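S.K.: Just so it is clear, I am handing over protein-v8.txt, which has compact mmCIF, C-alpha atoms.
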# COMPACT_ATOMS: atom_id res chain seq x y z
CA MET A 36 67.77 -151.47 -130.91
CA LYS A 37 67.96 -149.71 -134.25
CA ILE A 38 66.95 -146.09 -134.09
CA LYS A 39 64.54 -144.78 -136.67
CA ALA A 40 65.58 -142.19 -139.23
CA LYS A 41 65.76 -138.74 -137.70
CA ASN A 42 63.11 -137.20 -139.92
CA ASP A 43 60.76 -140.01 -139.05
CA SER A 44 57.56 -138.37 -137.88
CA ALA A 45 57.29 -140.80 -134.94
CA PHE A 46 60.57 -139.49 -133.58
CA ILE A 47 59.38 -135.90 -133.96
CA GLN A 48 56.12 -136.77 -132.21
CA TYR A 49 58.12 -138.32 -129.41
CA LEU A 50 60.18 -135.14 -128.98
CA LEU A 51 56.97 -133.08 -128.89
CA HIS A 52 55.52 -135.46 -126.31
CA LEU A 53 58.58 -134.98 -124.07
CA GLY A 54 58.50 -131.21 -124.59
CA ASP A 55 54.75 -130.99 -123.93
CA ASN A 56 55.05 -132.89 -120.65
CA ALA A 57 57.75 -130.48 -119.49
CA LEU A 58 56.02 -127.30 -120.73
CA ILE A 59 52.60 -128.03 -119.24
CA MET A 60 54.16 -129.15 -115.95
CA SER A 61 56.18 -125.96 -115.93
CA HIS A 62 53.05 -123.90 -116.48
CA ARG A 63 51.22 -125.58 -113.59
CA ASN A 64 54.20 -125.01 -111.30
CA SER A 65 54.43 -121.37 -112.31
CA GLU A 66 50.85 -120.88 -111.07
CA TRP A 67 52.29 -121.13 -107.55
CA CYS A 68 54.57 -118.15 -108.12
CA GLY A 69 53.80 -115.70 -105.33
CA HIS A 70 51.36 -118.12 -103.66
CA GLY A 71 53.65 -120.72 -102.03
CA PRO A 72 53.03 -121.53 -98.36
CA ALA A 73 56.53 -120.23 -97.49
CA LEU A 74 58.98 -118.18 -99.51
CA GLU A 75 61.49 -121.05 -99.80
CA GLN A 76 58.85 -123.41 -101.17
CA ASP A 77 57.53 -120.80 -103.56
CA ILE A 78 61.09 -120.43 -104.83
CA ALA A 79 61.55 -124.21 -105.03
CA LEU A 80 58.50 -124.67 -107.25
CA THR A 81 59.39 -121.77 -109.52
CA ASN A 82 62.95 -123.13 -109.82
CA ILE A 83 61.49 -126.47 -110.86
CA ALA A 84 59.24 -124.62 -113.33
CA LEU A 85 62.31 -122.92 -114.79
CA ASP A 86 64.16 -126.22 -115.22
CA GLN A 87 61.09 -127.71 -116.89
CA ILE A 88 60.76 -124.83 -119.32
CA GLY A 89 64.46 -125.13 -120.16
CA GLN A 90 64.01 -128.83 -120.87
CA ALA A 91 60.90 -128.14 -122.97
CA ARG A 92 62.89 -125.59 -125.00
CA ASN A 93 65.59 -128.16 -125.74
CA PHE A 94 63.03 -130.71 -126.96
CA TYR A 95 61.14 -128.13 -129.06
CA GLN A 96 64.30 -126.66 -130.59
CA TYR A 97 65.40 -130.11 -131.68
CA ALA A 98 61.92 -131.02 -132.96
CA ALA A 99 61.80 -127.75 -134.94
CA VAL A 100 65.11 -128.52 -136.66
CA LEU A 101 63.88 -131.97 -137.69
CA ILE A 102 60.46 -130.72 -138.84
CA ASN A 103 62.05 -127.99 -140.96
CA GLU A 104 64.57 -130.41 -142.47
CA SER A 105 61.85 -132.78 -143.60
CA SER A 106 59.24 -130.28 -144.80
CA ASN A 107 58.69 -126.73 -146.04
CA GLU A 108 57.55 -125.64 -142.63
CA LYS A 109 59.37 -123.03 -140.61
CA GLN A 110 58.72 -124.10 -137.04
CA THR A 111 60.51 -122.67 -134.02
CA GLU A 112 60.44 -123.55 -130.33
CA ASP A 113 57.96 -120.67 -129.93
CA SER A 114 55.60 -121.70 -132.71
CA LEU A 115 55.51 -125.22 -131.28
CA ALA A 116 54.68 -123.93 -127.80
CA TYR A 117 52.32 -121.09 -128.72
CA LEU A 118 50.65 -121.98 -131.99
CA ARG A 119 49.57 -125.59 -131.66
CA ASP A 120 46.09 -126.42 -130.43
CA ALA A 121 45.05 -128.81 -127.65
CA TRP A 122 44.67 -131.84 -129.93
CA ASP A 123 48.28 -131.37 -131.14
CA PHE A 124 49.62 -131.57 -127.59
CA LYS A 125 50.84 -135.01 -126.55
CA ASN A 126 51.43 -134.54 -122.84
CA CYS A 127 50.14 -137.07 -120.33
CA LEU A 128 46.89 -136.07 -118.65
CA LEU A 129 48.59 -136.11 -115.25
CA VAL A 130 50.60 -132.94 -115.96
CA GLU A 131 47.57 -130.89 -116.99
CA LEU A 132 45.47 -131.64 -113.89
CA PRO A 133 44.79 -128.60 -111.71
CA ASN A 134 47.20 -128.07 -108.83
CA GLY A 135 44.55 -128.45 -106.13
CA ASP A 136 45.94 -127.85 -102.66
CA TRP A 137 49.60 -128.04 -101.63
CA GLY A 138 49.27 -131.80 -101.01
CA GLN A 139 48.00 -132.52 -104.51
CA THR A 140 50.63 -130.25 -106.04
CA ILE A 141 53.36 -132.10 -104.15
CA LEU A 142 51.98 -135.51 -105.03
CA LYS A 143 51.77 -134.70 -108.76
CA GLN A 144 55.28 -133.30 -108.67
CA PHE A 145 56.62 -136.41 -107.00
CA LEU A 146 54.89 -138.85 -109.38
CA ILE A 147 56.07 -136.91 -112.43
CA SER A 148 59.58 -136.17 -111.21
CA ALA A 149 60.13 -139.86 -110.46
CA TYR A 150 58.84 -140.70 -113.95
CA GLN A 151 61.01 -138.11 -115.71
CA TYR A 152 64.04 -139.06 -113.64
CA TYR A 153 63.98 -142.76 -114.57
CA LEU A 154 62.96 -141.99 -118.15
CA TYR A 155 65.86 -139.57 -118.69
CA LEU A 156 68.27 -142.01 -117.02
CA GLU A 157 67.45 -144.44 -119.84
CA LEU A 158 67.24 -141.84 -122.61
CA GLN A 159 70.78 -140.64 -121.93
CA ASN A 160 72.00 -143.98 -123.31
CA ILE A 161 69.91 -143.84 -126.44
CA GLN A 162 71.58 -143.85 -129.86
CA ASP A 163 70.35 -140.42 -130.97
CA GLU A 164 73.09 -138.12 -129.71
CA GLN A 165 71.10 -134.93 -129.30
CA LEU A 166 68.23 -136.58 -127.42
CA ALA A 167 70.75 -138.42 -125.24
CA ALA A 168 72.52 -135.12 -124.50
CA ILE A 169 69.28 -133.36 -123.54
CA ALA A 170 68.38 -136.28 -121.25
CA ALA A 171 71.83 -136.37 -119.63
CA LYS A 172 71.63 -132.64 -118.95
CA SER A 173 68.06 -132.84 -117.62
CA VAL A 174 68.57 -135.79 -115.32
CA LYS A 175 70.97 -133.74 -113.21
CA GLU A 176 68.17 -131.25 -112.60
CA LEU A 177 65.59 -133.96 -111.97
CA ASN A 178 67.71 -135.19 -109.07
CA TYR A 179 66.71 -132.08 -107.16
CA HIS A 180 63.04 -132.19 -108.18
CA LEU A 181 62.72 -135.79 -107.09
CA ARG A 182 64.46 -135.36 -103.74
CA TRP A 183 62.49 -132.23 -102.89
CA SER A 184 59.09 -133.65 -103.78
CA ALA A 185 59.81 -137.03 -102.11
CA ASP A 186 60.79 -135.19 -98.89
CA TRP A 187 57.51 -133.32 -98.94
CA VAL A 188 55.43 -136.47 -99.58
CA MET A 189 57.03 -138.03 -96.47
CA ARG A 190 56.61 -134.88 -94.42
CA LEU A 191 52.91 -134.52 -95.26
CA GLY A 192 52.00 -138.22 -95.29
CA ASP A 193 53.71 -138.87 -91.97
CA GLY A 194 52.68 -135.48 -90.56
CA THR A 195 49.48 -134.38 -88.87
CA SER A 196 46.12 -136.09 -89.31
CA GLU A 197 45.09 -133.18 -91.54
CA SER A 198 48.16 -133.36 -93.79
CA LYS A 199 47.79 -137.13 -94.07
CA LYS A 200 44.13 -136.76 -95.04
CA ARG A 201 45.08 -134.23 -97.72
CA MET A 202 47.67 -136.62 -99.16
CA THR A 203 45.26 -139.55 -99.11
CA ASP A 204 42.64 -137.43 -100.90
CA ALA A 205 45.28 -136.34 -103.43
CA ILE A 206 46.26 -139.95 -104.14
CA ASP A 207 42.59 -140.85 -104.67
CA ALA A 208 42.20 -137.90 -107.03
CA VAL A 209 45.22 -138.47 -109.28
CA TRP A 210 46.23 -142.11 -109.07
CA SER A 211 44.07 -143.21 -112.04
CA TYR A 212 46.11 -140.82 -114.23
CA THR A 213 49.43 -142.54 -113.47
CA TYR A 214 48.73 -145.58 -115.64
CA GLU A 215 49.01 -143.47 -118.78
CA LEU A 216 52.67 -142.76 -118.05
CA PHE A 217 53.39 -146.39 -118.91
CA GLU A 218 50.88 -147.04 -121.66
CA VAL A 219 53.21 -146.94 -124.62
CA ALA A 220 52.10 -144.81 -127.57
CA GLU A 221 53.30 -145.85 -131.02
CA TYR A 222 55.82 -143.02 -131.19
CA GLU A 223 57.42 -144.24 -127.94
CA ASN A 224 58.74 -147.37 -129.58
CA ILE A 225 62.12 -145.66 -129.77
CA LEU A 226 62.43 -147.03 -126.22
CA SER A 227 63.11 -150.75 -126.24
CA VAL A 228 60.76 -153.01 -124.31
CA GLU A 229 63.58 -153.63 -121.80
CA MET A 230 63.94 -149.88 -121.24
CA GLN A 231 60.19 -149.43 -120.81
CA CYS A 232 60.09 -152.21 -118.20
CA LYS A 233 63.10 -150.82 -116.39
CA ILE A 234 61.57 -147.34 -116.14
CA ARG A 235 58.24 -148.68 -114.91
CA GLU A 236 59.83 -150.97 -112.33
CA ALA A 237 62.16 -148.26 -111.01
CA TRP A 238 59.23 -145.85 -110.80
CA ILE A 239 56.92 -148.16 -108.87
CA GLU A 240 59.79 -149.16 -106.56
CA LYS A 241 60.48 -145.50 -105.76
CA ILE A 242 56.79 -144.76 -105.16
CA LYS A 243 56.51 -147.77 -102.82
CA THR A 244 59.60 -146.76 -100.84
CA VAL A 245 58.54 -143.15 -100.39
CA PHE A 246 54.87 -143.99 -99.72
CA GLY A 247 56.09 -146.55 -97.18
CA LYS A 248 58.07 -143.91 -95.29
CA ALA A 249 55.13 -141.53 -95.63
CA THR A 250 52.69 -144.15 -94.24
CA LEU A 251 50.61 -143.79 -97.41
CA ALA A 252 49.10 -146.60 -99.46
CA ILE A 253 48.88 -147.20 -103.19
CA PRO A 254 45.18 -147.53 -104.12
CA ASN A 255 43.84 -150.89 -105.27
CA SER A 256 41.68 -149.34 -107.97
CA GLN A 257 42.70 -150.23 -111.50
CA TRP A 258 40.53 -147.52 -113.10
CA LYS A 259 42.65 -145.84 -115.78
CA GLN A 260 42.38 -142.39 -117.30
CA ARG A 261 44.09 -142.06 -120.66
CA GLY A 262 44.18 -140.01 -123.84
CA GLY A 263 46.69 -137.17 -123.47
CA LYS A 264 49.51 -138.95 -125.29
CA LEU A 265 47.25 -139.21 -128.34
CA GLY A 266 45.92 -135.66 -128.13
CA VAL A 267 42.66 -136.42 -126.30
CA HIS A 268 42.77 -134.12 -123.29
CA THR A 269 40.76 -133.07 -120.26
CA GLU A 270 39.02 -129.71 -120.43
CA HIS A 271 41.83 -128.29 -118.26
CA LEU A 272 44.38 -128.14 -121.08
CA GLY A 273 42.25 -125.71 -123.10
CA TYR A 274 42.28 -123.23 -120.22
CA ILE A 275 46.05 -123.55 -119.81
CA LEU A 276 46.61 -122.90 -123.52
CA ALA A 277 44.13 -120.01 -123.56
CA GLU A 278 46.19 -118.25 -120.93
CA MET A 279 49.60 -119.28 -122.21
CA GLN A 280 48.96 -118.63 -125.91
CA PHE A 281 46.78 -115.53 -125.71
CA LEU A 282 49.50 -113.01 -126.47
CA GLN A 283 50.87 -114.79 -129.55
CA ARG A 284 47.36 -115.43 -130.87
CA ALA A 285 46.21 -111.83 -130.38
CA TYR A 286 49.46 -110.18 -131.47
CA PRO A 287 51.16 -112.66 -133.82
CA GLY A 288 54.95 -112.50 -133.76
CA SER A 289 55.15 -110.01 -130.91
CA GLU A 290 58.38 -110.05 -128.92
CA TRP A 291 59.64 -108.66 -125.64
CA MET B 236 95.97 -114.63 -140.91
CA LYS B 237 94.72 -115.83 -137.56
CA THR B 238 97.11 -117.96 -135.56
CA VAL B 239 97.11 -119.90 -132.32
CA SER B 240 98.22 -116.81 -130.45
CA SER B 241 95.04 -115.07 -131.48
CA GLU B 242 92.97 -117.86 -129.94
CA LYS B 243 94.80 -116.99 -126.73
CA ALA B 244 93.75 -113.39 -127.28
CA ILE B 245 90.12 -114.48 -127.50
CA TRP B 246 90.39 -116.44 -124.23
CA HIS B 247 91.87 -113.33 -122.69
CA LEU B 248 89.04 -111.20 -124.07
CA LEU B 249 86.45 -113.62 -122.66
CA GLU B 250 87.83 -113.06 -119.17
CA SER B 251 86.12 -109.69 -119.29
CA VAL B 252 82.66 -111.16 -120.04
CA SER B 253 80.90 -111.70 -116.74
CA ASP B 254 77.90 -113.72 -115.63
CA PRO B 255 74.96 -111.27 -115.51
CA GLU B 256 73.60 -112.88 -112.32
CA ILE B 257 76.92 -113.24 -110.47
CA PRO B 258 79.01 -110.41 -111.91
CA VAL B 259 82.21 -111.39 -110.06
CA LEU B 260 82.45 -114.53 -112.19
CA SER B 261 83.69 -114.45 -115.77
CA VAL B 262 82.41 -116.93 -118.33
CA ILE B 263 85.84 -118.61 -118.05
CA ASP B 264 85.53 -118.94 -114.26
CA LEU B 265 82.13 -120.55 -114.76
CA GLY B 266 83.59 -123.13 -117.12
CA ILE B 267 81.00 -122.61 -119.85
CA ILE B 268 83.44 -121.87 -122.70
CA ARG B 269 84.06 -125.27 -124.28
CA SER B 270 86.22 -124.21 -127.20
CA VAL B 271 87.62 -121.27 -129.14
CA LEU B 272 88.65 -122.06 -132.70
CA PHE B 273 89.53 -120.27 -135.89
CA VAL B 274 88.05 -122.45 -138.63
CA ARG B 275 89.17 -122.15 -142.24
CA GLU B 276 86.22 -121.46 -144.49
CA ASN B 277 86.11 -123.73 -147.54
CA ASN B 278 84.34 -121.37 -149.86
CA HIS B 279 86.75 -118.50 -149.27
CA ASP B 280 90.43 -118.06 -149.99
CA SER B 281 92.62 -119.84 -147.49
CA SER B 282 93.45 -116.78 -145.42
CA ASP B 283 89.84 -116.36 -144.35
CA HIS B 284 89.04 -117.95 -141.01
CA GLN B 285 85.87 -117.87 -139.00
CA LEU B 286 86.01 -117.65 -135.22
CA VAL B 287 83.80 -120.29 -133.60
CA ILE B 288 83.17 -120.11 -129.87
CA THR B 289 81.30 -123.03 -128.32
CA ILE B 290 79.53 -122.49 -125.02
CA THR B 291 77.46 -124.83 -122.88
CA PRO B 292 74.47 -123.86 -120.73
CA THR B 293 74.74 -124.21 -116.95
CA TYR B 294 71.11 -125.16 -116.26
CA THR B 295 68.63 -125.80 -119.11
CA GLY B 296 66.35 -122.96 -118.06
CA CYS B 297 69.01 -120.45 -117.02
CA PRO B 298 67.89 -117.12 -118.50
CA ALA B 299 71.46 -115.79 -118.27
CA MET B 300 72.55 -117.94 -121.23
CA ASP B 301 70.97 -115.79 -123.96
CA MET B 302 72.37 -112.71 -122.25
CA ILE B 303 75.84 -114.25 -122.08
CA SER B 304 75.80 -115.04 -125.83
CA LYS B 305 74.86 -111.42 -126.56
CA GLN B 306 77.58 -110.09 -124.27
CA ILE B 307 80.20 -112.26 -125.95
CA SER B 308 79.04 -111.01 -129.37
CA SER B 309 79.24 -107.36 -128.42
CA LYS B 310 82.63 -107.85 -126.74
CA LEU B 311 83.96 -109.43 -129.95
CA GLU B 312 82.49 -106.66 -132.09
CA GLU B 313 84.04 -104.00 -129.87
CA ALA B 314 87.40 -105.70 -130.35
CA GLY B 315 86.93 -105.59 -134.13
CA TYR B 316 85.94 -109.17 -134.85
CA GLN B 317 83.21 -109.56 -137.45
CA ASN B 318 83.37 -113.10 -138.77
CA PHE B 319 82.35 -115.18 -135.77
CA GLU B 320 79.73 -117.62 -134.61
CA ILE B 321 78.68 -118.61 -131.09
CA LYS B 322 77.49 -122.19 -130.87
CA GLN B 323 75.81 -123.98 -128.01
CA THR B 324 76.46 -127.57 -127.10
CA LEU B 325 74.76 -129.74 -124.47
CA LYS B 326 77.30 -132.53 -124.48
CA PRO B 327 79.07 -133.14 -122.22
CA ALA B 328 76.68 -131.58 -119.72
CA TRP B 329 78.09 -128.63 -117.80
CA THR B 330 79.43 -129.36 -114.34
CA THR B 331 80.77 -127.19 -111.54
CA ASP B 332 83.93 -129.34 -111.76
CA TRP B 333 84.88 -127.02 -114.65
CA MET B 334 84.74 -123.95 -112.46
CA THR B 335 88.20 -122.48 -111.95
CA GLU B 336 89.86 -122.21 -108.53
CA THR B 337 90.05 -118.42 -108.99
CA GLY B 338 86.31 -118.53 -109.70
CA LYS B 339 85.63 -120.37 -106.44
CA GLU B 340 87.77 -117.89 -104.54
CA LYS B 341 85.92 -114.95 -106.14
CA LEU B 342 82.60 -116.51 -105.14
CA ARG B 343 83.65 -116.81 -101.50
CA SER B 344 84.82 -113.24 -101.25
CA TYR B 345 81.54 -112.15 -102.90
CA GLY B 346 79.64 -113.92 -100.08
CA ILE B 347 78.55 -117.08 -101.92
CA ALA B 348 79.78 -120.48 -100.70
CA ALA B 349 81.60 -122.31 -103.51
CA PRO B 350 80.67 -125.82 -104.72
CA VAL B 351 81.96 -128.56 -102.42
CA GLY B 352 83.07 -131.90 -103.85
CA LYS B 353 82.79 -133.41 -107.33
CA SER B 354 79.67 -133.59 -109.43
CA PHE B 355 79.61 -137.34 -109.98
CA ASN B 356 78.58 -137.82 -106.38
CA ASN B 357 74.86 -137.41 -105.96
CA TYR B 358 74.89 -135.31 -102.81
CA ASP B 359 72.08 -134.84 -100.39
CA LEU B 360 72.68 -131.15 -99.69
CA SER B 361 71.18 -131.28 -96.22
CA LYS B 362 73.97 -133.66 -95.14
CA LEU B 363 76.86 -131.57 -96.48
CA LYS B 364 79.20 -129.42 -94.41
CA ILE B 365 79.24 -126.11 -96.24
CA PRO B 366 81.57 -123.52 -94.72
CA CYS B 367 79.98 -120.13 -94.14
CA PRO B 368 81.45 -117.59 -96.60
CA GLN B 369 81.25 -114.88 -93.91
CA CYS B 370 82.86 -116.45 -90.84
CA GLY B 371 84.20 -119.79 -92.18
CA SER B 372 82.33 -121.88 -89.64
CA GLU B 373 81.15 -125.32 -90.74
CA ASN B 374 78.31 -125.14 -88.25
CA THR B 375 75.75 -124.39 -90.98
CA SER B 376 72.45 -125.87 -92.08
CA MET B 377 70.43 -125.99 -95.27
CA ILE B 378 67.28 -123.91 -95.55
CA SER B 379 66.31 -124.98 -99.06
CA GLU B 380 67.88 -126.84 -101.98
CA PHE B 381 66.59 -124.06 -104.24
CA GLY B 382 67.63 -120.43 -104.15
CA SER B 383 67.53 -117.11 -105.97
CA THR B 384 68.93 -118.63 -109.19
CA SER B 385 68.97 -122.19 -110.58
CA CYS B 386 72.57 -122.70 -109.54
CA LYS B 387 72.20 -121.82 -105.85
CA ALA B 388 70.78 -123.29 -102.63
CA LEU B 389 69.94 -121.42 -99.42
CA PHE B 390 71.90 -122.03 -96.23
CA LYS B 391 72.26 -120.38 -92.85
CA CYS B 392 75.22 -120.14 -90.53
CA LEU B 393 74.47 -121.27 -86.98
CA ASN B 394 77.61 -119.55 -85.74
CA CYS B 395 77.38 -115.98 -87.10
CA LYS B 396 73.62 -116.34 -87.82
CA GLU B 397 73.94 -115.03 -91.40
CA PRO B 398 71.93 -116.67 -94.18
CA PHE B 399 73.94 -117.30 -97.34
CA ASP B 400 73.79 -118.71 -100.87
CA TYR B 401 75.59 -121.92 -101.75
CA PHE B 402 76.62 -122.48 -105.37
CA LYS B 403 75.46 -126.07 -105.82
CA CYS B 404 77.84 -128.78 -106.91
CA HIS B 405 76.27 -129.85 -110.21
What would you get if you wrote out this structure as C-alpha cells?

M.R.:
Amino acid sequence: MKIKAKNDSAFIQYLLHLGDNALIMSHRNSEWCGHGPALEQDIALTNIALDQIGQARNFYQYAAVLINESSNEKQTEDSLAYLRDAWDFKNCLLVELPNGDWGQTILKQFLISAYQYYLYLELQNIQDEQLAAIAAKSVKELNYHLRWSADWVMRLGDGTSESKKRMTDAIDAVWSYTYELFEVAEYENILSVEMQCKIREAWIEKIKTVFGKATLAIPNSQWKQRGGKLGVHTEHLGYILAEMQFLQRAYPGSEW
Amino acid sequence: MKTVSSEKAIWHLLESVSDPEIPVLSVIDLGIIRSVLFVRENNHDSSDHQLVITITPTYTGCPAMDMISKQISSKLEEAGYQNFEIKQTLKPAWTTDWMTETGKEKLRSYGIAAPVGKSFNNYDLSKLKIPCPQCGSENTSMISEFGSTSCKALFKCLNCKEPFDYFKCH
C-alpha cells in the first residue's frame, strides 16, 4: 500500500492518536504509584507507565517535527502533551476510563496491551521508517506488558469466587469500549485492510485464549461506546488533563 | 585535521562515561553507542570536521538517556572538543546482545545477574535458569518481571536466600 506524504495531516493525526493512547494509559497506570496491592505489582505498573510515556514521547516528537515542517507552528512533545485540550486528544475511550479496582485495572491493561502488541507488530513493517522504528522498539516492551497482564487475568479469573466476581464485573463495565479499538478512523487508513483484519483477529484470538484459561466469558452484548478517536470523550478525560496540564497552564514554559 | 585514530580516541573517552543508574557499566559496555564519526562540513573549508556520535535508547522511557547525552557532552567539552553533535536513533532497536562481555562480567561482580541468551528468543522469564550473582546457584526463582529500573527483573536465590536483580535479555 502506498504511504501518504509525510506532511499529510492524516498521518500527523494518526501519530497523535498513537501518542495519546500511550500517554493517557501511562497517566492512569501512574495513579497506582504507591497504592499497588504489593510492592512488586506497584513497581510493575509504574514500569509499564514509564514504557508508555517513552512511547508517547517518540510519537509526539515525530509528530512535532512533521507539524513544524508543514506549518509555521513550533510544536514540541511537551506542547502536544500539555497544551492541547480534550477535543484535540484522539485516544480511545478505553484508556481514559477510571482504574476502578485491581481487577478492572488488570483487565484494561490486558485488553490494551494485547491491542498495542498486535498493532505494533504490524506497524514495524510499515513503509514510513521512523514510525516502523518506533513500533519495532515498542513491541519489545509490550511483550512484557502483555505477559504480565495476561497472567493476572488468569490468576484472578481462575482464583477465588471474589476475584472471579471482580473480573466478571470488570468485563461487564469495560467490554463495550473495546469495539472502538477496531472502528477505523479516517486517519488510520495508513494501515491496509489486511493489516487491520490481522490485528483484530490476533487480538480476539488472544482474548479468547486467556479468558478461556481464566474461566471468563466474552459478553454477548453488542452495545458499543465510541467517540475518543474523533475527539469526543467521556467526562473522565477532562479530569485527567486538569491534573496533568495544570502546571504548564498556570506557569507557562516552566521547567524542572 | 581529524583522522581515524582520533575516532579511536573518542571511543576510548566514552569508556569513562558511565550509566547513571548502574555506574559500573560504561556506555560502551551497554552497547548504546552506535557510531562515532568525524563528518566533513560542506560549508566550511575542508579541514573542518564535525564529530557526530549516534546513540540509541535502551528502553523508550528510560530517564537515564537524557542524562547520558549530557554526560557525553560534558566529557567531550572537558577534553576540548567543541564542534560535536549527539544524535539519537531508534533503528535498529537496542538489544542486550550488544552488551560487551566485560560489561556482563562487571554486572555480575556488582551483584546484578547478566542477560542470559539472545534477544530474538521471546523468553518467559519465570522459566529461565538465572544463576545467582552472589553464590552462583541456578536454584533461583523469579519474583517479578519488573524491577527497580526498566532494564531489570527481580529474582531470589533459593540456595543463599538473597534477592537479586536480573538485567533482562531484551

S.K.: How far is it from atom CA of A:Arg92 to atom CA of A:Glu112, in Å with one decimal?

M.R.: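 Going from atom CA of A:Arg92 over to atom CA of A:Glu112, I get 6.2 Å.
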
S.K.: Give me the chain B side of the contact with chain A, cut-off 8 Å, one line per residue showing its nearest atom pair and distance in Å at one decimal, counting only C-alpha atoms, sorted by chain and residue number, as CSV.

M.R.:
residue,atom,partner,partner_atom,distance
B:Tyr294,CA,A:Asp86,CA,7.1
B:Thr295,CA,A:Gly89,CA,4.4
B:Gly296,CA,A:Gly89,CA,3.6
B:Cys297,CA,A:Gly89,CA,7.2
B:Leu325,CA,A:Ala168,CA,5.8
B:Lys326,CA,A:Ala168,CA,5.4
B:Pro327,CA,A:Ala168,CA,7.2
B:Ala328,CA,A:Lys172,CA,5.2
B:Trp329,CA,A:Lys172,CA,7.7
B:Ile378,CA,A:Glu75,CA,7.7
B:Ser379,CA,A:Glu75,CA,6.3
B:Glu380,CA,A:Tyr179,CA,7.5
B:Phe381,CA,A:Ala79,CA,5.1
B:Gly382,CA,A:Ile78,CA,6.6
B:Ser383,CA,A:Ile78,CA,7.3
B:Thr384,CA,A:Asn82,CA,7.5
B:Ser385,CA,A:Asn82,CA,6.1
B:His405,CA,A:Lys175,CA,7.2

S.K.: Counting all atoms listed in the file, which of B:Leu342, B:Leu286, B:Met377, B:Ala299 gets nearest to B:Ile321?

M.R.: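 Looking only at the distances to B:Ile321, the closest residue turns out to be B:Leu286.
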
S.K.: One decimal, in Å: what's the spacing between atom CA of A:Ala116 and atom CA of A:Gly273?

M.R.: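 Distance between the two atoms: 13.4 Å.
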
S.K.: Which residues are near stretch 214-227 of chain A? Cut-off 7 Å, all atoms listed in the file, ignore same chain within fewer than 6 positions. Put them as a PyMOL selection string.

M.R.: chain A and resi 36+38+45-46+48-49+127+235+259-261+264

S.K.: What is the distance between atom CA of A:Thr203 and atom CA of A:Leu191, in Å to one decimal?

M.R.: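 Result for atom CA of A:Thr203 versus atom CA of A:Leu191: 9.9 Å, one decimal.
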
S.K.: Draw an axis-aligned box over all listed atoms of stretch 98-108 of chain A, pad each side with 5 Å, and write its centre and edge lengths in Å, one decimal, as lines of an AutoDock Vina configuration file.

M.R.:
center_x = 61.3
center_y = -129.2
center_z = -139.5
size_x = 17.6
size_y = 17.1
size_z = 23.1

S.K.: Using only C-alpha atoms, what residues lie at most 9 Å away from (44.8, -136.6, -118.2) (file coordinates), given as a PDB file with C-alpha atoms, in the coordinates of the input?

M.R.:
ATOM      1  CA  ASN A 126      51.430-134.540-122.840  1.00  0.00           C
ATOM      2  CA  CYS A 127      50.140-137.070-120.330  1.00  0.00           C
ATOM      3  CA  LEU A 128      46.890-136.070-118.650  1.00  0.00           C
ATOM      4  CA  LEU A 129      48.590-136.110-115.250  1.00  0.00           C
ATOM      5  CA  VAL A 130      50.600-132.940-115.960  1.00  0.00           C
ATOM      6  CA  GLU A 131      47.570-130.890-116.990  1.00  0.00           C
ATOM      7  CA  LEU A 132      45.470-131.640-113.890  1.00  0.00           C
ATOM      8  CA  TYR A 212      46.110-140.820-114.230  1.00  0.00           C
ATOM      9  CA  THR A 213      49.430-142.540-113.470  1.00  0.00           C
ATOM     10  CA  GLU A 215      49.010-143.470-118.780  1.00  0.00           C
ATOM     11  CA  GLN A 260      42.380-142.390-117.300  1.00  0.00           C
ATOM     12  CA  ARG A 261      44.090-142.060-120.660  1.00  0.00           C
ATOM     13  CA  GLY A 262      44.180-140.010-123.840  1.00  0.00           C
ATOM     14  CA  GLY A 263      46.690-137.170-123.470  1.00  0.00           C
ATOM     15  CA  LYS A 264      49.510-138.950-125.290  1.00  0.00           C
ATOM     16  CA  VAL A 267      42.660-136.420-126.300  1.00  0.00           C
ATOM     17  CA  HIS A 268      42.770-134.120-123.290  1.00  0.00           C
ATOM     18  CA  THR A 269      40.760-133.070-120.260  1.00  0.00           C
ATOM     19  CA  HIS A 271      41.830-128.290-118.260  1.00  0.00           C
ATOM     20  CA  LEU A 272      44.380-128.140-121.080  1.00  0.00           C
TER      21      LEU A 272
END

S.K.: So which residues fall inside 9 Å of (77.4, -129.3, -96.1) if we count all atoms listed in the file? Mind giving them as a compact mmCIF listing (two decimals) with C-alpha atoms, in the frame of the given file?

M.R.:
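That gives us point36.txt:
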# COMPACT_ATOMS: atom_id res chain seq x y z
CA VAL B 351 81.96 -128.56 -102.42
CA ASP B 359 72.08 -134.84 -100.39
CA LEU B 360 72.68 -131.15 -99.69
CA SER B 361 71.18 -131.28 -96.22
CA LYS B 362 73.97 -133.66 -95.14
CA LEU B 363 76.86 -131.57 -96.48
CA LYS B 364 79.20 -129.42 -94.41
CA ILE B 365 79.24 -126.11 -96.24
CA PRO B 366 81.57 -123.52 -94.72
CA GLU B 373 81.15 -125.32 -90.74
CA ASN B 374 78.31 -125.14 -88.25
CA THR B 375 75.75 -124.39 -90.98
CA SER B 376 72.45 -125.87 -92.08
CA MET B 377 70.43 -125.99 -95.27

S.K.: Contacts of stretch 264-275 of chain B at 10 Å or less, counting all atoms listed in the file, minus same-chain residues fewer than 2 places along, as a PyMOL selection string?

M.R.: chain B and resi 236-239+241-243+245-246+249-250+253-254+257+259-262+277-293+300+318-319+321-324+326-339+341-342
